[in-house]
>>> print(open('input24.cif').read())   # mmCIF, N, CA and C atoms and all ligand atoms
data_entry
loop_
_atom_site.label_atom_id
_atom_site.label_comp_id
_atom_site.auth_asym_id
_atom_site.auth_seq_id
_atom_site.Cartn_x
_atom_site.Cartn_y
_atom_site.Cartn_z
N MET A 135 87.30 54.31 82.05
CA MET A 135 87.48 54.22 83.51
C MET A 135 87.50 55.63 84.10
N LYS A 136 86.46 55.95 84.81
CA LYS A 136 86.40 57.27 85.46
C LYS A 136 87.14 57.20 86.79
N ILE A 137 87.97 58.19 87.01
CA ILE A 137 88.78 58.19 88.23
C ILE A 137 89.00 59.62 88.68
N ALA A 138 89.45 59.79 89.93
CA ALA A 138 89.71 61.13 90.47
C ALA A 138 91.17 61.25 90.88
N VAL A 139 91.72 62.41 90.61
CA VAL A 139 93.08 62.75 91.03
C VAL A 139 92.97 63.97 91.95
N PHE A 140 93.77 63.97 93.01
CA PHE A 140 93.74 65.07 93.98
C PHE A 140 95.09 65.77 94.03
N ARG A 141 95.05 67.06 94.25
CA ARG A 141 96.27 67.82 94.52
C ARG A 141 95.99 68.73 95.72
N LYS A 142 96.87 68.68 96.70
CA LYS A 142 96.75 69.55 97.87
C LYS A 142 97.63 70.77 97.70
N ALA A 143 97.17 71.87 98.20
CA ALA A 143 97.97 73.09 98.18
C ALA A 143 97.66 73.88 99.44
N HIS A 144 98.38 74.96 99.61
CA HIS A 144 98.30 75.70 100.87
C HIS A 144 98.56 77.17 100.63
N PHE A 145 97.84 78.02 101.34
CA PHE A 145 98.21 79.45 101.35
C PHE A 145 97.80 80.06 102.68
N ASN A 146 98.50 81.12 103.04
CA ASN A 146 98.17 81.89 104.24
C ASN A 146 97.56 83.20 103.78
N ALA A 147 96.49 83.61 104.45
CA ALA A 147 95.90 84.89 104.07
C ALA A 147 95.15 85.48 105.26
N ALA A 148 95.02 86.80 105.23
CA ALA A 148 94.27 87.51 106.26
C ALA A 148 92.90 87.90 105.71
N HIS A 149 91.95 88.02 106.61
CA HIS A 149 90.64 88.51 106.18
C HIS A 149 89.89 89.15 107.34
N ARG A 150 88.82 89.79 106.97
CA ARG A 150 87.85 90.30 107.94
C ARG A 150 86.48 90.02 107.34
N LEU A 151 85.61 89.43 108.15
CA LEU A 151 84.24 89.19 107.69
C LEU A 151 83.34 90.29 108.22
N TYR A 152 82.72 90.99 107.32
CA TYR A 152 81.72 91.97 107.76
C TYR A 152 80.83 92.35 106.60
N ASN A 153 79.68 92.88 106.97
CA ASN A 153 78.72 93.37 105.98
C ASN A 153 78.62 94.87 106.19
N LYS A 154 79.05 95.63 105.17
CA LYS A 154 79.13 97.09 105.34
C LYS A 154 77.75 97.73 105.51
N ASN A 155 76.70 96.98 105.17
CA ASN A 155 75.35 97.52 105.32
C ASN A 155 74.79 97.33 106.73
N TRP A 156 75.55 96.64 107.58
CA TRP A 156 75.08 96.37 108.94
C TRP A 156 75.80 97.27 109.94
N SER A 157 75.20 97.40 111.14
CA SER A 157 75.83 98.12 112.25
C SER A 157 77.01 97.31 112.77
N ASP A 158 77.89 98.00 113.52
CA ASP A 158 79.01 97.30 114.17
C ASP A 158 78.50 96.19 115.09
N ASP A 159 77.41 96.50 115.82
CA ASP A 159 76.86 95.51 116.75
C ASP A 159 76.38 94.25 116.03
N LYS A 160 75.70 94.46 114.92
CA LYS A 160 75.20 93.29 114.19
C LYS A 160 76.36 92.51 113.59
N ASN A 161 77.37 93.21 113.06
CA ASN A 161 78.55 92.51 112.52
C ASN A 161 79.24 91.70 113.62
N ASP A 162 79.36 92.30 114.80
CA ASP A 162 79.98 91.57 115.93
C ASP A 162 79.16 90.34 116.28
N ALA A 163 77.83 90.51 116.31
CA ALA A 163 76.96 89.41 116.71
C ALA A 163 77.06 88.25 115.71
N VAL A 164 77.14 88.58 114.42
CA VAL A 164 77.11 87.53 113.40
C VAL A 164 78.50 86.94 113.17
N PHE A 165 79.51 87.81 113.09
CA PHE A 165 80.84 87.33 112.67
C PHE A 165 81.83 87.17 113.81
N GLY A 166 81.51 87.68 115.00
CA GLY A 166 82.37 87.47 116.17
C GLY A 166 83.80 87.90 115.94
N LEU A 167 84.74 87.03 116.31
CA LEU A 167 86.16 87.35 116.18
C LEU A 167 86.57 87.59 114.74
N CYS A 168 85.86 86.98 113.81
CA CYS A 168 86.21 87.15 112.40
C CYS A 168 85.89 88.55 111.89
N ASN A 169 85.20 89.36 112.72
CA ASN A 169 84.92 90.75 112.35
C ASN A 169 85.99 91.70 112.92
N ASN A 170 87.05 91.18 113.48
CA ASN A 170 88.13 92.03 114.01
C ASN A 170 88.56 93.07 112.97
N PRO A 171 88.42 94.38 113.28
CA PRO A 171 88.72 95.42 112.28
C PRO A 171 90.17 95.38 111.78
N ASN A 172 91.07 94.84 112.60
CA ASN A 172 92.48 94.79 112.19
C ASN A 172 92.85 93.47 111.50
N TYR A 173 91.84 92.71 111.14
CA TYR A 173 92.05 91.48 110.37
C TYR A 173 92.70 90.38 111.21
N HIS A 174 92.69 89.19 110.66
CA HIS A 174 93.34 88.03 111.30
C HIS A 174 93.62 87.03 110.19
N GLY A 175 94.52 86.10 110.48
CA GLY A 175 94.97 85.19 109.43
C GLY A 175 94.46 83.78 109.58
N HIS A 176 94.48 83.06 108.47
CA HIS A 176 94.21 81.63 108.47
C HIS A 176 95.26 80.92 107.62
N ASN A 177 95.55 79.68 107.98
CA ASN A 177 96.35 78.81 107.13
C ASN A 177 95.37 77.96 106.34
N TYR A 178 95.13 78.37 105.12
CA TYR A 178 94.14 77.67 104.30
C TYR A 178 94.78 76.46 103.63
N ASP A 179 94.11 75.33 103.76
CA ASP A 179 94.52 74.13 103.03
C ASP A 179 93.49 73.88 101.94
N LEU A 180 94.02 73.61 100.76
CA LEU A 180 93.19 73.47 99.58
C LEU A 180 93.34 72.05 99.04
N GLU A 181 92.22 71.44 98.69
CA GLU A 181 92.24 70.15 98.00
C GLU A 181 91.49 70.31 96.69
N VAL A 182 92.18 70.04 95.62
CA VAL A 182 91.58 70.14 94.29
C VAL A 182 91.40 68.73 93.75
N LYS A 183 90.16 68.40 93.40
CA LYS A 183 89.82 67.06 92.89
C LYS A 183 89.43 67.18 91.42
N VAL A 184 90.12 66.44 90.60
CA VAL A 184 89.82 66.43 89.16
C VAL A 184 89.33 65.04 88.79
N ILE A 185 88.19 64.99 88.13
CA ILE A 185 87.55 63.70 87.79
C ILE A 185 87.47 63.59 86.27
N GLY A 186 87.76 62.42 85.77
CA GLY A 186 87.65 62.22 84.33
C GLY A 186 88.09 60.83 83.93
N GLU A 187 88.38 60.71 82.65
CA GLU A 187 88.80 59.42 82.10
C GLU A 187 90.32 59.38 81.95
N VAL A 188 90.89 58.22 82.17
CA VAL A 188 92.32 58.04 81.99
C VAL A 188 92.65 58.04 80.49
N ASP A 189 93.68 58.78 80.13
CA ASP A 189 94.18 58.80 78.75
C ASP A 189 94.95 57.49 78.51
N PRO A 190 94.49 56.67 77.56
CA PRO A 190 95.14 55.37 77.37
C PRO A 190 96.60 55.49 76.93
N GLU A 191 96.96 56.60 76.33
CA GLU A 191 98.34 56.75 75.86
C GLU A 191 99.31 57.04 76.98
N THR A 192 98.87 57.82 77.99
CA THR A 192 99.77 58.18 79.10
C THR A 192 99.47 57.37 80.35
N GLY A 193 98.25 56.87 80.48
CA GLY A 193 97.84 56.26 81.74
C GLY A 193 97.49 57.29 82.80
N TYR A 194 97.55 58.57 82.42
CA TYR A 194 97.22 59.67 83.34
C TYR A 194 95.78 60.13 83.13
N LEU A 195 95.17 60.59 84.22
CA LEU A 195 93.96 61.40 84.11
C LEU A 195 94.36 62.81 83.71
N ILE A 196 95.31 63.34 84.46
CA ILE A 196 95.83 64.68 84.20
C ILE A 196 97.27 64.68 84.69
N ASP A 197 98.12 65.39 84.01
CA ASP A 197 99.52 65.50 84.44
C ASP A 197 99.56 66.30 85.75
N LEU A 198 100.01 65.68 86.83
CA LEU A 198 99.98 66.35 88.13
C LEU A 198 100.92 67.55 88.19
N LYS A 199 101.96 67.53 87.37
CA LYS A 199 102.83 68.72 87.29
C LYS A 199 102.05 69.90 86.72
N TYR A 200 101.24 69.62 85.71
CA TYR A 200 100.40 70.66 85.12
C TYR A 200 99.40 71.18 86.15
N LEU A 201 98.77 70.26 86.88
CA LEU A 201 97.78 70.67 87.89
C LEU A 201 98.44 71.47 89.01
N LYS A 202 99.59 71.00 89.44
CA LYS A 202 100.35 71.71 90.48
C LYS A 202 100.67 73.15 90.04
N ASP A 203 101.16 73.29 88.81
CA ASP A 203 101.52 74.62 88.31
C ASP A 203 100.29 75.51 88.14
N LEU A 204 99.19 74.89 87.73
CA LEU A 204 97.93 75.64 87.57
C LEU A 204 97.49 76.25 88.91
N ILE A 205 97.53 75.44 89.96
CA ILE A 205 97.13 75.91 91.29
C ILE A 205 98.12 76.95 91.81
N LYS A 206 99.40 76.70 91.58
CA LYS A 206 100.42 77.66 92.04
C LYS A 206 100.22 79.02 91.36
N THR A 207 100.09 79.00 90.06
CA THR A 207 100.02 80.26 89.30
C THR A 207 98.72 81.02 89.57
N HIS A 208 97.60 80.30 89.59
CA HIS A 208 96.31 80.99 89.61
C HIS A 208 95.73 81.16 91.01
N ILE A 209 96.16 80.34 91.97
CA ILE A 209 95.59 80.44 93.32
C ILE A 209 96.65 80.89 94.33
N GLU A 210 97.72 80.13 94.48
CA GLU A 210 98.71 80.47 95.51
C GLU A 210 99.34 81.83 95.24
N ASP A 211 99.79 82.06 94.01
CA ASP A 211 100.43 83.34 93.72
C ASP A 211 99.46 84.52 93.90
N ARG A 212 98.18 84.25 93.70
CA ARG A 212 97.17 85.30 93.81
C ARG A 212 96.79 85.60 95.25
N PHE A 213 96.72 84.56 96.10
CA PHE A 213 96.16 84.75 97.44
C PHE A 213 97.16 84.58 98.58
N ASP A 214 98.28 83.91 98.36
CA ASP A 214 99.19 83.63 99.46
C ASP A 214 99.82 84.91 100.01
N HIS A 215 99.81 85.03 101.34
CA HIS A 215 100.35 86.20 102.04
C HIS A 215 99.65 87.50 101.64
N LYS A 216 98.37 87.40 101.32
CA LYS A 216 97.59 88.58 100.97
C LYS A 216 96.54 88.85 102.04
N ASN A 217 96.17 90.11 102.13
CA ASN A 217 94.97 90.47 102.86
C ASN A 217 93.83 90.37 101.84
N LEU A 218 92.97 89.39 102.02
CA LEU A 218 91.96 89.13 100.97
C LEU A 218 91.06 90.33 100.74
N ASN A 219 90.70 91.05 101.83
CA ASN A 219 89.81 92.21 101.68
C ASN A 219 90.48 93.36 100.94
N LEU A 220 91.75 93.58 101.23
CA LEU A 220 92.43 94.78 100.73
C LEU A 220 93.26 94.54 99.48
N ASP A 221 93.83 93.34 99.36
CA ASP A 221 94.83 93.10 98.32
C ASP A 221 94.30 92.37 97.09
N THR A 222 93.07 91.90 97.13
CA THR A 222 92.59 91.10 96.00
C THR A 222 91.34 91.74 95.39
N GLU A 223 91.24 91.66 94.09
CA GLU A 223 90.05 92.17 93.39
C GLU A 223 88.82 91.35 93.76
N GLU A 224 89.04 90.04 93.94
CA GLU A 224 87.92 89.11 94.11
C GLU A 224 87.10 89.42 95.36
N PHE A 225 87.76 89.92 96.42
CA PHE A 225 87.08 90.10 97.70
C PHE A 225 86.99 91.56 98.15
N LYS A 226 87.11 92.46 97.19
CA LYS A 226 86.91 93.88 97.53
C LYS A 226 85.46 94.11 97.94
N GLU A 227 84.53 93.43 97.28
CA GLU A 227 83.11 93.58 97.59
C GLU A 227 82.48 92.31 98.15
N LEU A 228 83.15 91.19 97.95
CA LEU A 228 82.61 89.88 98.36
C LEU A 228 83.21 89.48 99.71
N ASN A 229 82.35 89.14 100.66
CA ASN A 229 82.82 88.76 101.99
C ASN A 229 83.69 87.50 101.89
N PRO A 230 84.94 87.56 102.38
CA PRO A 230 85.85 86.41 102.19
C PRO A 230 85.64 85.29 103.20
N THR A 231 84.43 84.75 103.22
CA THR A 231 84.14 83.56 104.01
C THR A 231 84.78 82.35 103.32
N ALA A 232 84.91 81.27 104.05
CA ALA A 232 85.44 80.04 103.44
C ALA A 232 84.56 79.64 102.24
N GLU A 233 83.25 79.81 102.38
CA GLU A 233 82.33 79.46 101.29
C GLU A 233 82.65 80.26 100.02
N ASN A 234 82.77 81.58 100.20
CA ASN A 234 83.03 82.43 99.03
C ASN A 234 84.43 82.21 98.46
N ILE A 235 85.42 82.00 99.33
CA ILE A 235 86.78 81.74 98.82
C ILE A 235 86.79 80.45 98.02
N CYS A 236 86.13 79.44 98.54
CA CYS A 236 86.08 78.14 97.85
C CYS A 236 85.45 78.29 96.47
N PHE A 237 84.36 79.01 96.40
CA PHE A 237 83.66 79.18 95.12
C PHE A 237 84.49 80.00 94.14
N VAL A 238 85.16 81.03 94.64
CA VAL A 238 86.04 81.85 93.78
C VAL A 238 87.17 80.98 93.22
N ILE A 239 87.77 80.16 94.07
CA ILE A 239 88.86 79.29 93.61
C ILE A 239 88.32 78.32 92.55
N TRP A 240 87.15 77.77 92.79
CA TRP A 240 86.56 76.85 91.81
C TRP A 240 86.36 77.55 90.47
N LYS A 241 85.83 78.78 90.51
CA LYS A 241 85.57 79.50 89.26
C LYS A 241 86.87 79.78 88.50
N ILE A 242 87.91 80.16 89.24
CA ILE A 242 89.20 80.46 88.59
C ILE A 242 89.76 79.19 87.94
N LEU A 243 89.75 78.09 88.68
CA LEU A 243 90.32 76.85 88.13
C LEU A 243 89.45 76.29 87.01
N ARG A 244 88.13 76.43 87.17
CA ARG A 244 87.21 75.92 86.15
C ARG A 244 87.49 76.58 84.79
N ALA A 245 87.81 77.85 84.83
CA ALA A 245 88.08 78.59 83.59
C ALA A 245 89.38 78.13 82.94
N GLU A 246 90.28 77.55 83.72
CA GLU A 246 91.58 77.13 83.19
C GLU A 246 91.59 75.67 82.74
N LEU A 247 90.74 74.88 83.37
CA LEU A 247 90.80 73.43 83.19
C LEU A 247 89.97 72.99 81.98
N ALA A 248 90.48 72.04 81.24
CA ALA A 248 89.74 71.53 80.07
C ALA A 248 88.36 71.06 80.50
N SER A 249 87.38 71.30 79.62
CA SER A 249 85.99 71.04 79.98
C SER A 249 85.68 69.55 80.15
N LYS A 250 86.57 68.68 79.65
CA LYS A 250 86.34 67.24 79.80
C LYS A 250 86.50 66.77 81.25
N PHE A 251 87.10 67.62 82.09
CA PHE A 251 87.29 67.27 83.50
C PHE A 251 86.18 67.83 84.36
N GLU A 252 85.75 67.06 85.38
CA GLU A 252 84.93 67.61 86.47
C GLU A 252 85.88 68.12 87.55
N LEU A 253 85.43 69.11 88.27
CA LEU A 253 86.29 69.77 89.25
C LEU A 253 85.55 69.93 90.56
N VAL A 254 86.21 69.57 91.66
CA VAL A 254 85.66 69.79 93.00
C VAL A 254 86.75 70.45 93.83
N VAL A 255 86.40 71.50 94.54
CA VAL A 255 87.37 72.22 95.37
C VAL A 255 86.92 72.13 96.82
N ARG A 256 87.84 71.72 97.66
CA ARG A 256 87.60 71.69 99.11
C ARG A 256 88.59 72.63 99.78
N LEU A 257 88.10 73.48 100.64
CA LEU A 257 88.95 74.47 101.30
C LEU A 257 88.81 74.34 102.82
N TYR A 258 89.94 74.12 103.47
CA TYR A 258 89.97 74.06 104.93
C TYR A 258 90.39 75.42 105.47
N GLU A 259 89.51 76.01 106.29
CA GLU A 259 89.89 77.26 106.95
C GLU A 259 90.62 76.95 108.26
N THR A 260 90.22 75.87 108.90
CA THR A 260 90.94 75.30 110.04
C THR A 260 90.93 73.79 109.81
N PRO A 261 91.70 73.03 110.59
CA PRO A 261 91.67 71.58 110.38
C PRO A 261 90.27 70.98 110.53
N ARG A 262 89.41 71.65 111.27
CA ARG A 262 88.08 71.09 111.52
C ARG A 262 86.96 71.76 110.75
N ASN A 263 87.23 72.92 110.18
CA ASN A 263 86.20 73.65 109.43
C ASN A 263 86.57 73.71 107.97
N TYR A 264 85.75 73.11 107.12
CA TYR A 264 86.05 73.14 105.70
C TYR A 264 84.78 73.13 104.87
N VAL A 265 84.94 73.60 103.64
CA VAL A 265 83.81 73.70 102.73
C VAL A 265 84.18 73.05 101.42
N GLU A 266 83.17 72.69 100.64
CA GLU A 266 83.41 72.02 99.37
C GLU A 266 82.43 72.53 98.33
N TYR A 267 82.95 72.80 97.12
CA TYR A 267 82.09 73.18 95.99
C TYR A 267 82.51 72.39 94.76
N PRO A 268 81.56 71.88 93.98
CA PRO A 268 80.11 71.88 94.24
C PRO A 268 79.74 70.93 95.36
N ALA A 269 78.59 71.23 96.01
CA ALA A 269 78.13 70.41 97.13
C ALA A 269 77.53 69.12 96.60
NI NI B 1 88.48 84.11 110.01
#
>>> encode(input="input24.cif", output="structure tokens", more="lines below")
Ligand code: NI
Amino acid sequence: MKIAVFRKAHFNAAHRLYNKNWSDDKNDAVFGLCNNPNYHGHNYDLEVKVIGEVDPETGYLIDLKYLKDLIKTHIEDRFDHKNLNLDTEEFKELNPTAENICFVIWKILRAELASKFELVVRLYETPRNYVEYPA
């Protein structure tokens, strides 16, 4: 029986979107308010979806306490209350768009999660704007 389990999490972080190879005018034109040189914050909501088979011995797909701790340790502790551009290795060179943050989170969790599970990460930058990987 293939089934999916979800865990929601949350972190606050600041970012600035810009391409250092572009002029200020082009960065303003493309990234608008998100190019504010003094940064700005978002309340990111994260949904982690794990897909797999139920273990007949436990009746669980995955222990949600384990999943909760995995997200806390590897994502929330790493990104919560951080300036993504300045405080994290992941976004020193990579533009911290919702797309890139979502993919980075997926890669981090994928490396931790047993290969028998499929993984989907959805990241809300605002209640109405969100991205999902894999598409
Ligand atoms: Ni922004």
>>> residues_near_point(input="input24.cif", point="(88.1, 66.1, 88.0)", cutoff="8 Å", atoms="all atoms listed in the file", output="number ranges by chain")
A: 137-140, 182-187, 250-254
>>> residues_around(input="input24.cif", residues="segment 209-218 of chain A", least_positions_apart="4", cutoff="12 Å", atoms="only C-alpha atoms", output="MDAnalysis selection string")
chainID A and resid 142:151 172:182 201:205 222:232 234:236 238:244 246 255 257
>>> axis_aligned_box(input="input24.cif", around="segment 141-153 of chain A", padding_each_side="6 Å", output="JSON")
{"center_x": 88.6, "center_y": 81.0, "center_z": 101.2, "size_x": 31.9, "size_y": 39.8, "size_z": 26.0}
>>> closest_residue(input="input24.cif", among="A:Ala248, A:Val164, A:Asp221, A:Glu259", to="ligand NI 1 (chain B)", atoms="all atoms listed in the file")
A:Glu259
>>> atom_distance(input="input24.cif", atom1="atom CA of Glu191 of chain A", atom2="atom CA of Arg141 of chain A")
21.8 Å
>>> atom_distance(input="input24.cif", atom1="atom C of Pro171 of chain A", atom2="atom C of Asp159 of chain A")
14.5 Å
>>> closest_residue(input="input24.cif", among="A:Ala163, A:Val188, A:Cys168, A:Met135", to="ligand NI 1 (chain B)", atoms="only N, CA and C atoms and all ligand atoms")
A:Cys168
>>> select_by_dssp(input="input24.cif", residues="segment 151-224 of chain A", states="helix (DSSP H, G or I)", output="number ranges by chain")
A: 158-169, 198-213, 218-221
>>> build_atoms(input="input24.cif", residues="segment 159-170 of chain A", atoms="all heavy atoms", output="short mmCIF file (atom, residue, chain, number, x, y, z; two decimals), in the frame of the given file")
data_model
loop_
_atom_site.label_atom_id
_atom_site.label_comp_id
_atom_site.auth_asym_id
_atom_site.auth_seq_id
_atom_site.Cartn_x
_atom_site.Cartn_y
_atom_site.Cartn_z
N ASP A 159 77.41 96.50 115.82
CA ASP A 159 76.86 95.51 116.75
C ASP A 159 76.38 94.25 116.03
O ASP A 159 76.65 93.14 116.46
CB ASP A 159 75.69 96.11 117.55
CG ASP A 159 76.19 97.02 118.65
OD1 ASP A 159 77.42 97.03 118.89
OD2 ASP A 159 75.36 97.73 119.26
N LYS A 160 75.70 94.46 114.92
CA LYS A 160 75.20 93.29 114.19
C LYS A 160 76.36 92.51 113.59
O LYS A 160 76.37 91.27 113.60
CB LYS A 160 74.21 93.71 113.10
CG LYS A 160 73.63 92.50 112.39
CD LYS A 160 72.40 92.78 111.56
CE LYS A 160 71.89 91.49 110.93
NZ LYS A 160 70.75 91.69 110.04
N ASN A 161 77.37 93.21 113.06
CA ASN A 161 78.55 92.51 112.52
C ASN A 161 79.24 91.70 113.62
O ASN A 161 79.65 90.56 113.38
CB ASN A 161 79.52 93.50 111.89
CG ASN A 161 79.20 93.77 110.43
OD1 ASN A 161 79.28 92.87 109.60
ND2 ASN A 161 78.84 95.00 110.11
N ASP A 162 79.36 92.30 114.80
CA ASP A 162 79.98 91.57 115.93
C ASP A 162 79.16 90.34 116.28
O ASP A 162 79.72 89.27 116.54
CB ASP A 162 80.09 92.48 117.15
CG ASP A 162 81.36 93.30 117.13
OD1 ASP A 162 82.30 92.92 116.39
OD2 ASP A 162 81.41 94.32 117.84
N ALA A 163 77.83 90.51 116.31
CA ALA A 163 76.96 89.41 116.71
C ALA A 163 77.06 88.25 115.71
O ALA A 163 77.07 87.09 116.09
CB ALA A 163 75.53 89.90 116.83
N VAL A 164 77.14 88.58 114.42
CA VAL A 164 77.11 87.53 113.40
C VAL A 164 78.50 86.94 113.17
O VAL A 164 78.67 85.72 113.06
CB VAL A 164 76.53 88.08 112.08
CG1 VAL A 164 76.66 87.05 110.96
CG2 VAL A 164 75.06 88.45 112.28
N PHE A 165 79.51 87.81 113.09
CA PHE A 165 80.84 87.33 112.67
C PHE A 165 81.83 87.17 113.81
O PHE A 165 82.91 86.60 113.61
CB PHE A 165 81.42 88.26 111.60
CG PHE A 165 80.62 88.28 110.32
CD1 PHE A 165 80.07 89.45 109.84
CD2 PHE A 165 80.40 87.11 109.60
CE1 PHE A 165 79.33 89.47 108.66
CE2 PHE A 165 79.66 87.11 108.43
CZ PHE A 165 79.12 88.30 107.96
N GLY A 166 81.51 87.68 115.00
CA GLY A 166 82.37 87.47 116.17
C GLY A 166 83.80 87.90 115.94
O GLY A 166 84.06 88.98 115.40
N LEU A 167 84.74 87.03 116.31
CA LEU A 167 86.16 87.35 116.18
C LEU A 167 86.57 87.59 114.74
O LEU A 167 87.53 88.31 114.47
CB LEU A 167 87.01 86.21 116.77
CG LEU A 167 86.98 86.06 118.28
CD1 LEU A 167 87.73 84.79 118.68
CD2 LEU A 167 87.60 87.28 118.97
N CYS A 168 85.86 86.98 113.81
CA CYS A 168 86.21 87.15 112.40
C CYS A 168 85.89 88.55 111.89
O CYS A 168 86.24 88.90 110.77
CB CYS A 168 85.52 86.09 111.54
SG CYS A 168 86.47 84.55 111.47
N ASN A 169 85.20 89.36 112.72
CA ASN A 169 84.92 90.75 112.35
C ASN A 169 85.99 91.70 112.92
O ASN A 169 85.85 92.92 112.80
CB ASN A 169 83.53 91.14 112.87
CG ASN A 169 83.16 92.57 112.59
OD1 ASN A 169 83.42 93.07 111.50
ND2 ASN A 169 82.60 93.24 113.57
N ASN A 170 87.05 91.18 113.48
CA ASN A 170 88.13 92.03 114.01
C ASN A 170 88.56 93.07 112.97
O ASN A 170 89.03 92.71 111.90
CB ASN A 170 89.32 91.13 114.40
CG ASN A 170 90.53 91.93 114.85
OD1 ASN A 170 90.42 93.11 115.18
ND2 ASN A 170 91.70 91.30 114.85
#
